[in-house]
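Participant: I am attaching a structure below and will ask some questions about it afterwards.
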Amino acid sequence: MRLLFAFAAILLAASTAHSQTIYPIDRAEILAGAKFDFKVEFAGALSPNQVKVTVNGADYASVFGKAAEFIEREDSKDQSAIVLRDVMLQRPGSYHVQASDGANTREVTWTVYETGPRRAKNVILFIGDGMSLAHRVAARHLSKGITEGKAGGKLAMDEMPHMALVSTAGSDSIITDSANSASAYSTGHKTATNAMGVYADRTESPFDDPRVETIASLVKRRHGMAVGVVTNTEIEDATPAAMIAHTRRRAVFDQIVEQFFAFKPEVLMGGGSANFLPVGVPGARRRDDADYIKKFREAGYAVAQTGPEMSAAAAASGTIRLLGLFHTGAMDGVLDRRFLKGGTVKRFPEQPDLTEQLQAALDVLARSDQGFFLMVESGLIDRYSHALDIERAVYDTIMLDNAVKLAKDWAQKRSDDTLILVVADHSHPLSLIGTIEDDMTTVPNVPLRDRVRTYNEARFPTYPAPDKDGYPSRVDVGRRLAIFSASSPDYYETFRPKMDGPNDPTAPAPEPRTFEANDKYRTAPGAMLRLGNLPKYLAASVHSGDDVVLTASGPGSERVRGQMDNTEVFRVMAEALGLGRRD
């Protein structure tokens with residue numbers, strides 16, 4: 001967690017300065033009938049009669065059907081704004097919005113689109129947080145094997161009929177984080193780093209920014225569908241939170257839990273119970289005395305804290321709401337939970353696998369006659385990749401693929417009424433460059449760096465045959481995949497899997513708010529100090545701006561093709577569910 005928050009702390013978003021700033025922003029694509037907040041920020045303090053705002057040449061109030069609130073001094077500063085909450089545009093077409101303060105004018109253009117009739121009853125969105133192409137290739141090698149250049153099989157996510165490359169940039173930077181990237185999938189709108197379900201404006205409050213409606217809200221409001229959110233990180237963390245929450249600051253976990261409770265998704269499962277527990281309770285991180293586990297239970301939820309409790313609750317025919325919280329923080333990954341019994345497994349020995357969580361979610365959500373929207377995240381792929389812990393990241397990629405297979409098999413038994421999408425929210429700068437030859441008996445006294453094999457010398461890895469779920473029993477084999485990151489802090493490269501627990505490449509340095517190589521690994525056999533290419537205030541590897549792979553199957557999946565923007569993933573789901581059809 002220290003690595004994650006040290007990274008996130010430097011990513012606070014800031015609005016771009018213009019004479020006027022208009023939200024939604026220029027080139028926004030808006031679903032007909034979806035709710036959003038309209039805001040215009042002016043650079044100086046004005047009076048209402050100095051302000052003129054038009055939409056397609058008409059006064060904005062006549063277009064939206066009501067006038068905005070005029071704020072003469074926003075945040076008690078010499079800056080004015082108008083804000084209009086919960087508006088919508090029903091008619092598709094191009095909208096030209098112009099805002100003037102008498103001296104300066106700004107114009108943006110929106111595209112409002114409608115959809116055809118509903119084609120899918122359900123949508124399942126799988127997100128491999130930070131999953132790069134290298135993760136997918138490595139997962140294929142380990143789970144299927146490779147002989148004479150041919151893999152022994154394909155991943156379930158590879159065997160989907162439609163594929164596209166997806167760009168991931170946010171509104172403020174070419175490099176995204178999990179909050180605004182997941183928010184693009186959830187809302188169809190770009191936003192800034194750390195923000196979800198809102199446009200990040202200039203105000204200090206993280207809760208008054210202009211909101212845009214999420215896919216979860218739309219499916220409930222338009223169709224009465226059920227909603228599920230499943231992860232193996234904290235349920236309040238960026239990707240799962242972005243399905244429902246509205247805030248410009250992803251770290252406000254207490255308030256995100258409150259927004260979850262106000263929304264009441266039918267299924268909510270992951271780690272992060274600490275922010276559901278009242279202050280004073282062991283393990284709690286809330287800053288107030290609210291007990292949200294109690295609140296959910298009183299609202300009719302079955303509550304599970306272990307895998308067996310979850311499965312039993314989901315199997316009960318009367319369960320239509322399920323809250324599963326299996327860890328105070330993020331859950332443990334496959335390598336520790338299933339093989340090494342490392343991490344925090346001894347403290348939380350009955351954590352379910354992501355496939356078990358998915359099965360429980362499907363059992364509950366399928367009881368909705370109106371269908372459901374479900375987001376399933378394998379979130380530790382990202383955290384392990386930040387920490388340069390590649391083996392753990394790859395095992396969690398295999399776990400995600402097992403969940404995809406389960407969903408595909410489930411959907412095929414239902415006359416194929418379910419759109420399934422598999423995508424990453426962003427990438428990591430990882431590449432598979434060869435293998436590491438670590439057989440000490442046949443090649444003695446060779447430094448580990450010189451054991452990196454490339455081209456024909458790389459040959460093929462020697463992991464044991466995978467078990468029925470695609471996991472080799474060992475990762476510390478004689479010839480392993482060599483996967484390295486293009487971004488890193490200073491750290492000790494050991495060239496070996498971390499068998500004693502998840503990797504922690506850095507430690508706080510003497511200079512405040514900086515990090516240095518973790519001395520824990522200095523004496524590891526063959527370890528070498530690698531000077532990083534990142535600023536010293538970063539404790540871990542960072543995201544990349546590479547496109548990510550999207551694969552899809554089911555009704556509406558034919559829209560997945562070529563190269564797409566991340567906001568278009570929302571549109572694929574909206575089209576399949578007919579969310580923008582005018583009655």
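Chain labels follow the order of the structure tokens: the first chain is A, the next B, and so on; residue numbering restarts at 1 in every chain, and ligands are counted from 1 in their shown order.
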For Thr328 of chain A, work out the shell of residues within 9 Å, counting only C-alpha atoms and skipping chain neighbours fewer than 4 positions away, then give it as a PyMOL selection string.
Facilitator: chain A and resi 234+271-275+283-285
Participant: Quick one: pick out all helix (DSSP H, G or I) residues within segment 96-191 of chain A from a backbone DSSP run and write them as a PyMOL selection string.
Facilitator: chain A and resi 133-144+178-187
Participant: Restricting it to C-alpha atoms, dump the selection as a PDB file, in the first residue's frame.
Facilitator:
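Produced file result.pdb, reproduced below:
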ATOM      1  CA  LEU A 133       0.471  -7.436 -23.721  1.00  0.00           C
ATOM      2  CA  ALA A 134       3.460  -8.962 -21.902  1.00  0.00           C
ATOM      3  CA  HIS A 135       1.163 -10.139 -19.099  1.00  0.00           C
ATOM      4  CA  ARG A 136      -1.118 -11.874 -21.570  1.00  0.00           C
ATOM      5  CA  VAL A 137       1.753 -13.532 -23.459  1.00  0.00           C
ATOM      6  CA  ALA A 138       3.392 -14.704 -20.226  1.00  0.00           C
ATOM      7  CA  ALA A 139       0.075 -16.050 -18.952  1.00  0.00           C
ATOM      8  CA  ARG A 140      -0.284 -18.021 -22.185  1.00  0.00           C
ATOM      9  CA  HIS A 141       3.232 -19.466 -21.879  1.00  0.00           C
ATOM     10  CA  LEU A 142       2.746 -20.546 -18.267  1.00  0.00           C
ATOM     11  CA  SER A 143      -0.819 -21.815 -18.482  1.00  0.00           C
ATOM     12  CA  LYS A 144      -0.679 -23.463 -21.922  1.00  0.00           C
ATOM     13  CA  SER A 178      -6.876   3.631 -12.785  1.00  0.00           C
ATOM     14  CA  ALA A 179      -9.448   6.197 -11.669  1.00  0.00           C
ATOM     15  CA  ASN A 180      -9.901   8.221 -14.831  1.00  0.00           C
ATOM     16  CA  SER A 181      -9.270   5.267 -17.136  1.00  0.00           C
ATOM     17  CA  ALA A 182     -11.957   3.131 -15.463  1.00  0.00           C
ATOM     18  CA  SER A 183     -14.198   6.197 -15.368  1.00  0.00           C
ATOM     19  CA  ALA A 184     -13.945   6.461 -19.159  1.00  0.00           C
ATOM     20  CA  TYR A 185     -15.321   2.925 -19.414  1.00  0.00           C
ATOM     21  CA  SER A 186     -18.017   3.662 -16.868  1.00  0.00           C
ATOM     22  CA  THR A 187     -19.228   7.015 -18.219  1.00  0.00           C
TER      23      THR A 187
END
Participant: Check segment 228-314 of chain A with DSSP on the backbone and list each residue it calls strand (DSSP E or B), as a compact mmCIF listing (two decimals) with N, CA and C atoms, in the first residue's frame.
Facilitator:
# COMPACT_ATOMS: atom_id res chain seq x y z
N GLY A 228 -23.44 -5.39 -10.28
CA GLY A 228 -22.44 -6.06 -9.46
C GLY A 228 -21.06 -5.49 -9.69
N VAL A 229 -20.29 -5.40 -8.62
CA VAL A 229 -18.90 -4.93 -8.69
C VAL A 229 -18.05 -5.91 -7.88
N VAL A 230 -17.06 -6.52 -8.54
CA VAL A 230 -16.24 -7.56 -7.92
C VAL A 230 -14.77 -7.25 -8.18
N THR A 231 -13.94 -7.36 -7.15
CA THR A 231 -12.51 -7.12 -7.28
C THR A 231 -11.76 -7.94 -6.26
N ASN A 232 -10.42 -8.01 -6.41
CA ASN A 232 -9.60 -8.60 -5.35
C ASN A 232 -8.71 -7.54 -4.70
N THR A 233 -8.92 -6.27 -5.04
CA THR A 233 -8.32 -5.17 -4.29
C THR A 233 -9.35 -4.67 -3.30
N GLU A 234 -9.07 -3.52 -2.68
CA GLU A 234 -10.10 -2.88 -1.86
C GLU A 234 -11.27 -2.50 -2.76
N THR A 247 -16.21 11.44 -7.62
CA THR A 247 -15.28 12.24 -6.84
C THR A 247 -14.05 12.52 -7.68
N VAL A 267 -24.58 -6.68 -5.87
CA VAL A 267 -23.42 -7.45 -5.46
C VAL A 267 -22.22 -6.50 -5.33
N LEU A 268 -21.52 -6.61 -4.21
CA LEU A 268 -20.34 -5.79 -3.95
C LEU A 268 -19.35 -6.67 -3.20
N MET A 269 -18.21 -7.01 -3.86
CA MET A 269 -17.29 -7.96 -3.25
C MET A 269 -15.84 -7.61 -3.53
N GLY A 270 -15.01 -7.74 -2.50
CA GLY A 270 -13.58 -7.53 -2.61
C GLY A 270 -12.97 -7.44 -1.23
N GLY A 271 -11.83 -6.75 -1.15
CA GLY A 271 -11.23 -6.43 0.14
C GLY A 271 -11.70 -5.06 0.59
N ALA A 302 -26.98 -10.08 2.40
CA ALA A 302 -26.22 -11.16 3.01
C ALA A 302 -24.77 -10.70 3.05
N VAL A 303 -24.12 -10.88 4.20
CA VAL A 303 -22.75 -10.41 4.38
C VAL A 303 -21.83 -11.60 4.57
N ALA A 304 -20.77 -11.67 3.77
CA ALA A 304 -19.81 -12.76 3.84
C ALA A 304 -18.41 -12.20 4.07
Participant: So how far away is atom CA of Val334 of chain A from atom CA of Gln357 of chain A, in Å?
Facilitator: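 These two atoms are separated by 13.6 Å.
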Participant: So which one's closest to Lys121 of chain A, A:Arg449, A:His223, A:Lys468, A:Arg479? Using only C-alpha atoms, please.
Facilitator: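 Looking only at the distances to Lys121 of chain A, the closest residue turns out to be A:His223.
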Participant: From the list A:Pro48, A:Pro508, A:Pro210, A:Gly170, which residue is nearest Asp86 of chain A when using only C-alpha atoms?
Facilitator: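 Among A:Pro48, A:Pro508, A:Pro210, A:Gly170, it is A:Pro210 that comes nearest to Asp86 of chain A.
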